[in-house]
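Quick look at upload_14.csv (CSV, N, CA and C atoms):
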chain,number,residue,atom,x,y,z
L,1,MET,N,0.8,-1.2,0.0
L,1,MET,CA,0.0,0.0,0.0
L,1,MET,C,0.9,1.2,0.0
L,2,ARG,N,0.5,2.2,-0.8
L,2,ARG,CA,1.4,3.4,-0.8
L,2,ARG,C,0.7,4.6,-0.1
L,3,GLU,N,1.5,5.6,0.2
L,3,GLU,CA,1.0,6.8,0.8
L,3,GLU,C,0.4,7.8,-0.3
L,4,LEU,N,-0.7,8.5,0.1
L,4,LEU,CA,-1.3,9.4,-0.9
L,4,LEU,C,-0.4,10.7,-1.0
L,5,THR,N,-0.4,11.2,-2.2
L,5,THR,CA,0.2,12.5,-2.4
L,5,THR,C,-0.6,13.6,-1.8
L,6,LYS,N,-0.1,14.8,-1.8
L,6,LYS,CA,-0.8,16.0,-1.2
L,6,LYS,C,-2.1,16.2,-2.1
L,7,GLN,N,-1.9,16.2,-3.4
L,7,GLN,CA,-3.1,16.4,-4.3
L,7,GLN,C,-4.1,15.3,-4.1
L,8,GLU,N,-3.7,14.1,-4.0
L,8,GLU,CA,-4.7,13.0,-3.8
L,8,GLU,C,-5.4,13.1,-2.4
L,9,THR,N,-4.7,13.6,-1.4
L,9,THR,CA,-5.3,13.8,-0.1
L,9,THR,C,-6.3,14.9,-0.1
L,10,GLN,N,-6.0,16.0,-0.8
L,10,GLN,CA,-7.0,17.1,-1.0
L,10,GLN,C,-8.3,16.6,-1.7
L,11,GLN,N,-8.1,15.7,-2.7
L,11,GLN,CA,-9.2,15.2,-3.4
L,11,GLN,C,-10.1,14.3,-2.5
L,12,VAL,N,-9.5,13.5,-1.7
L,12,VAL,CA,-10.2,12.7,-0.8
L,12,VAL,C,-10.9,13.5,0.2
L,13,ASN,N,-10.3,14.6,0.7
L,13,ASN,CA,-10.9,15.5,1.7
L,13,ASN,C,-11.9,16.5,1.1
L,14,GLY,N,-12.3,16.4,-0.2
L,14,GLY,CA,-13.3,17.2,-0.8
L,14,GLY,C,-12.7,18.3,-1.6
L,15,GLY,N,-11.4,18.3,-1.8
L,15,GLY,CA,-10.8,19.3,-2.7
L,15,GLY,C,-10.8,20.7,-2.2
L,16,GLY,N,-10.8,20.9,-0.9
L,16,GLY,CA,-10.9,22.2,-0.2
L,16,GLY,C,-9.8,23.1,-0.5
L,17,LEU,N,-9.9,24.3,-0.1
L,17,LEU,CA,-8.9,25.3,-0.3
L,17,LEU,C,-7.9,25.2,0.8
L,18,ASP,N,-6.6,25.7,0.5
L,18,ASP,CA,-5.7,25.8,1.6
L,18,ASP,C,-6.0,27.0,2.4
L,19,TRP,N,-5.3,27.3,3.5
L,19,TRP,CA,-5.5,28.4,4.4
L,19,TRP,C,-5.4,29.7,3.7
L,20,ARG,N,-4.3,29.9,2.8
L,20,ARG,CA,-4.1,31.1,2.2
L,20,ARG,C,-5.1,31.4,1.1
L,21,ALA,N,-5.5,30.5,0.3
L,21,ALA,CA,-6.6,30.7,-0.7
L,21,ALA,C,-7.9,31.0,0.0
L,22,GLY,N,-8.2,30.3,1.1
L,22,GLY,CA,-9.4,30.5,1.9
L,22,GLY,C,-9.4,31.9,2.4
L,23,ALA,N,-8.3,32.4,2.9
L,23,ALA,CA,-8.2,33.8,3.5
L,23,ALA,C,-8.4,34.8,2.4
L,24,SER,N,-7.9,34.6,1.2
L,24,SER,CA,-8.2,35.5,0.1
L,24,SER,C,-9.6,35.5,-0.3
L,25,ALA,N,-10.3,34.4,-0.3
L,25,ALA,CA,-11.7,34.4,-0.6
L,25,ALA,C,-12.5,35.1,0.5
L,26,VAL,N,-12.2,34.9,1.8
L,26,VAL,CA,-12.9,35.6,2.9
L,26,VAL,C,-12.7,37.1,2.8
L,27,LEU,N,-11.5,37.5,2.5
L,27,LEU,CA,-11.2,38.9,2.4
L,27,LEU,C,-11.9,39.5,1.2
L,28,THR,N,-12.0,38.9,0.1
L,28,THR,CA,-12.7,39.4,-1.0
L,28,THR,C,-14.2,39.5,-0.8
L,29,LEU,N,-14.7,38.5,-0.2
L,29,LEU,CA,-16.2,38.5,0.1
L,29,LEU,C,-16.6,39.5,1.2
L,30,SER,N,-15.6,39.8,2.1
L,30,SER,CA,-16.0,40.7,3.2
L,30,SER,C,-16.0,42.1,2.9
L,31,MET,N,-15.6,42.5,1.7
L,31,MET,CA,-15.6,43.9,1.3
L,31,MET,C,-16.9,44.5,0.8
L,32,TRP,N,-18.0,43.8,1.0
L,32,TRP,CA,-19.3,44.3,0.5
L,32,TRP,C,-19.8,45.5,1.3
L,33,SER,N,-19.6,45.5,2.6
L,33,SER,CA,-20.1,46.6,3.4
L,33,SER,C,-19.3,46.7,4.7
L,34,PRO,N,-19.4,47.8,5.4
L,34,PRO,CA,-18.6,47.9,6.6
L,34,PRO,C,-18.9,46.8,7.7
L,35,ALA,N,-20.2,46.4,7.7
L,35,ALA,CA,-20.5,45.3,8.6
L,35,ALA,C,-19.8,44.0,8.3
L,36,THR,N,-19.8,43.6,7.1
L,36,THR,CA,-19.1,42.4,6.7
L,36,THR,C,-17.6,42.5,6.8
L,37,ALA,N,-17.1,43.7,6.6
L,37,ALA,CA,-15.6,43.9,6.7
L,37,ALA,C,-15.2,43.9,8.2
L,38,PHE,N,-16.1,44.3,9.1
L,38,PHE,CA,-15.8,44.3,10.5
L,38,PHE,C,-15.6,42.9,11.0
L,39,PHE,N,-16.3,41.9,10.4
L,39,PHE,CA,-16.1,40.5,10.8
L,39,PHE,C,-15.1,39.8,9.9
L,40,GLY,N,-15.1,40.1,8.6
L,40,GLY,CA,-14.3,39.3,7.6
L,40,GLY,C,-12.9,39.6,7.7
L,41,VAL,N,-12.5,40.8,7.9
L,41,VAL,CA,-11.0,41.2,7.9
L,41,VAL,C,-10.3,40.5,9.0
L,42,PRO,N,-10.8,40.5,10.2
L,42,PRO,CA,-10.0,39.8,11.3
L,42,PRO,C,-10.0,38.3,11.0
L,43,ILE,N,-11.0,37.7,10.5
L,43,ILE,CA,-11.0,36.3,10.2
L,43,ILE,C,-10.0,36.0,9.1
L,44,ALA,N,-9.9,36.8,8.0
L,44,ALA,CA,-8.9,36.6,7.0
L,44,ALA,C,-7.5,36.8,7.5
L,45,VAL,N,-7.3,37.8,8.3
L,45,VAL,CA,-5.9,38.0,8.9
L,45,VAL,C,-5.5,36.8,9.7
L,46,SER,N,-6.5,36.3,10.5
L,46,SER,CA,-6.2,35.1,11.3
L,46,SER,C,-5.8,33.9,10.4
L,47,MET,N,-6.6,33.7,9.3
L,47,MET,CA,-6.3,32.6,8.4
L,47,MET,C,-4.9,32.8,7.7
L,48,TYR,N,-4.5,34.0,7.4
L,48,TYR,CA,-3.2,34.3,6.8
L,48,TYR,C,-2.1,33.9,7.9
L,49,ALA,N,-2.4,34.2,9.1
L,49,ALA,CA,-1.4,33.9,10.2
L,49,ALA,C,-1.3,32.4,10.3
L,50,VAL,N,-2.4,31.7,10.3
L,50,VAL,CA,-2.3,30.2,10.4
L,50,VAL,C,-1.5,29.7,9.2
L,51,SER,N,-1.7,30.2,8.0
L,51,SER,CA,-1.0,29.7,6.8
L,51,SER,C,0.5,30.0,6.9
L,52,THR,N,0.8,31.1,7.5
L,52,THR,CA,2.2,31.5,7.6
L,52,THR,C,3.0,30.7,8.7
L,53,PHE,N,2.4,30.6,9.8
L,53,PHE,CA,3.1,30.1,11.0
L,53,PHE,C,2.9,28.7,11.3
L,54,TYR,N,1.9,28.1,10.8
L,54,TYR,CA,1.6,26.7,11.2
L,54,TYR,C,1.6,25.7,10.1
L,55,GLN,N,2.0,26.1,8.9
L,55,GLN,CA,2.1,25.1,7.8
L,55,GLN,C,3.4,25.1,7.1

Please rewrite the model in this file as structure tokens.
Amino acid sequence: MRELTKQETQQVNGGGLDWRAGASAVLTLSMWSPATAFFGVPIAVSMYAVSTFYQ
């Protein structure tokens, strides 16, 4: 039995985004209004921090 590659593992897990791509999506979607930016920007910054320091 062989170990799955990173791409194969992503496909098995549903093909989700990595932390950096997810943060970019959250940041883009949060720029609709001040209310969404109030919540979305801190979430996106946290996701960028996770992608930088923990992966």

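As for atom CA of L:Phe53 and atom C of L:Leu29, they are spaced 23.9 Å apart.
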
(request) Rounded to one decimal place, report the atom N of L:Trp32-atom C of L:Ser51 distance in Å. (result)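 Result for atom N of L:Trp32 versus atom C of L:Ser51: 23.8 Å, one decimal.
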
(message) I'd like the interatomic distance between atom N of L:Val26 and atom C of L:Ile43, to a tenth of an Å.
(response) 7.7 Å

I need the alpha helix (DSSP H) residues of chain L per DSSP on the backbone, written as a short mmCIF file (atom, residue, chain, number, x, y, z; two decimals) with N, CA and C atoms, keeping the file's coordinate frame.
data_model
loop_
_atom_site.label_atom_id
_atom_site.label_comp_id
_atom_site.auth_asym_id
_atom_site.auth_seq_id
_atom_site.Cartn_x
_atom_site.Cartn_y
_atom_site.Cartn_z
N LYS L 6 -0.10 14.80 -1.80
CA LYS L 6 -0.80 16.00 -1.20
C LYS L 6 -2.10 16.20 -2.10
N GLN L 7 -1.90 16.20 -3.40
CA GLN L 7 -3.10 16.40 -4.30
C GLN L 7 -4.10 15.30 -4.10
N GLU L 8 -3.70 14.10 -4.00
CA GLU L 8 -4.70 13.00 -3.80
C GLU L 8 -5.40 13.10 -2.40
N THR L 9 -4.70 13.60 -1.40
CA THR L 9 -5.30 13.80 -0.10
C THR L 9 -6.30 14.90 -0.10
N GLN L 10 -6.00 16.00 -0.80
CA GLN L 10 -7.00 17.10 -1.00
C GLN L 10 -8.30 16.60 -1.70
N GLN L 11 -8.10 15.70 -2.70
CA GLN L 11 -9.20 15.20 -3.40
C GLN L 11 -10.10 14.30 -2.50
N VAL L 12 -9.50 13.50 -1.70
CA VAL L 12 -10.20 12.70 -0.80
C VAL L 12 -10.90 13.50 0.20
N TRP L 19 -5.30 27.30 3.50
CA TRP L 19 -5.50 28.40 4.40
C TRP L 19 -5.40 29.70 3.70
N ARG L 20 -4.30 29.90 2.80
CA ARG L 20 -4.10 31.10 2.20
C ARG L 20 -5.10 31.40 1.10
N ALA L 21 -5.50 30.50 0.30
CA ALA L 21 -6.60 30.70 -0.70
C ALA L 21 -7.90 31.00 0.00
N GLY L 22 -8.20 30.30 1.10
CA GLY L 22 -9.40 30.50 1.90
C GLY L 22 -9.40 31.90 2.40
N ALA L 23 -8.30 32.40 2.90
CA ALA L 23 -8.20 33.80 3.50
C ALA L 23 -8.40 34.80 2.40
N SER L 24 -7.90 34.60 1.20
CA SER L 24 -8.20 35.50 0.10
C SER L 24 -9.60 35.50 -0.30
N ALA L 25 -10.30 34.40 -0.30
CA ALA L 25 -11.70 34.40 -0.60
C ALA L 25 -12.50 35.10 0.50
N VAL L 26 -12.20 34.90 1.80
CA VAL L 26 -12.90 35.60 2.90
C VAL L 26 -12.70 37.10 2.80
N LEU L 27 -11.50 37.50 2.50
CA LEU L 27 -11.20 38.90 2.40
C LEU L 27 -11.90 39.50 1.20
N THR L 28 -12.00 38.90 0.10
CA THR L 28 -12.70 39.40 -1.00
C THR L 28 -14.20 39.50 -0.80
N LEU L 29 -14.70 38.50 -0.20
CA LEU L 29 -16.20 38.50 0.10
C LEU L 29 -16.60 39.50 1.20
N PRO L 34 -19.40 47.80 5.40
CA PRO L 34 -18.60 47.90 6.60
C PRO L 34 -18.90 46.80 7.70
N ALA L 35 -20.20 46.40 7.70
CA ALA L 35 -20.50 45.30 8.60
C ALA L 35 -19.80 44.00 8.30
N THR L 36 -19.80 43.60 7.10
CA THR L 36 -19.10 42.40 6.70
C THR L 36 -17.60 42.50 6.80
N ALA L 37 -17.10 43.70 6.60
CA ALA L 37 -15.60 43.90 6.70
C ALA L 37 -15.20 43.90 8.20
N PHE L 38 -16.10 44.30 9.10
CA PHE L 38 -15.80 44.30 10.50
C PHE L 38 -15.60 42.90 11.00
N PHE L 39 -16.30 41.90 10.40
CA PHE L 39 -16.10 40.50 10.80
C PHE L 39 -15.10 39.80 9.90
N GLY L 40 -15.10 40.10 8.60
CA GLY L 40 -14.30 39.30 7.60
C GLY L 40 -12.90 39.60 7.70
N VAL L 41 -12.50 40.80 7.90
CA VAL L 41 -11.00 41.20 7.90
C VAL L 41 -10.30 40.50 9.00
N PRO L 42 -10.80 40.50 10.20
CA PRO L 42 -10.00 39.80 11.30
C PRO L 42 -10.00 38.30 11.00
N ILE L 43 -11.00 37.70 10.50
CA ILE L 43 -11.00 36.30 10.20
C ILE L 43 -10.00 36.00 9.10
N ALA L 44 -9.90 36.80 8.00
CA ALA L 44 -8.90 36.60 7.00
C ALA L 44 -7.50 36.80 7.50
N VAL L 45 -7.30 37.80 8.30
CA VAL L 45 -5.90 38.00 8.90
C VAL L 45 -5.50 36.80 9.70
N SER L 46 -6.50 36.30 10.50
CA SER L 46 -6.20 35.10 11.30
C SER L 46 -5.80 33.90 10.40
N MET L 47 -6.60 33.70 9.30
CA MET L 47 -6.30 32.60 8.40
C MET L 47 -4.90 32.80 7.70
N TYR L 48 -4.50 34.00 7.40
CA TYR L 48 -3.20 34.30 6.80
C TYR L 48 -2.10 33.90 7.90
N ALA L 49 -2.40 34.20 9.10
CA ALA L 49 -1.40 33.90 10.20
C ALA L 49 -1.30 32.40 10.30
N VAL L 50 -2.40 31.70 10.30
CA VAL L 50 -2.30 30.20 10.40
C VAL L 50 -1.50 29.70 9.20
N SER L 51 -1.70 30.20 8.00
CA SER L 51 -1.00 29.70 6.80
C SER L 51 0.50 30.00 6.90
N THR L 52 0.80 31.10 7.50
CA THR L 52 2.20 31.50 7.60
C THR L 52 3.00 30.70 8.70
N PHE L 53 2.40 30.60 9.80
CA PHE L 53 3.10 30.10 11.00
C PHE L 53 2.90 28.70 11.30
#

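Using only N, CA and C atoms, the smallest distance between any of L:Trp19, L:Thr36, L:Gln7, L:Arg2 and L:Ala49 comes from L:Trp19.
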
(request) Write out as a ChimeraX atom specification which residues come within 8 Å of L:Thr52 when counting only N, CA and C atoms, dropping same-chain ones fewer than 5 positions away. (result) /L:19-20,46-47

(request) Just the residues within 8 Å of L:Tyr48, please, counting all atoms listed in the file, with nothing from its chain fewer than 6 positions along; format it as a list of chain:residue names. (result) L:Trp19, L:Arg20, L:Ala21, L:Gly22, L:Ala23, L:Ser24, L:Pro42, L:Tyr54
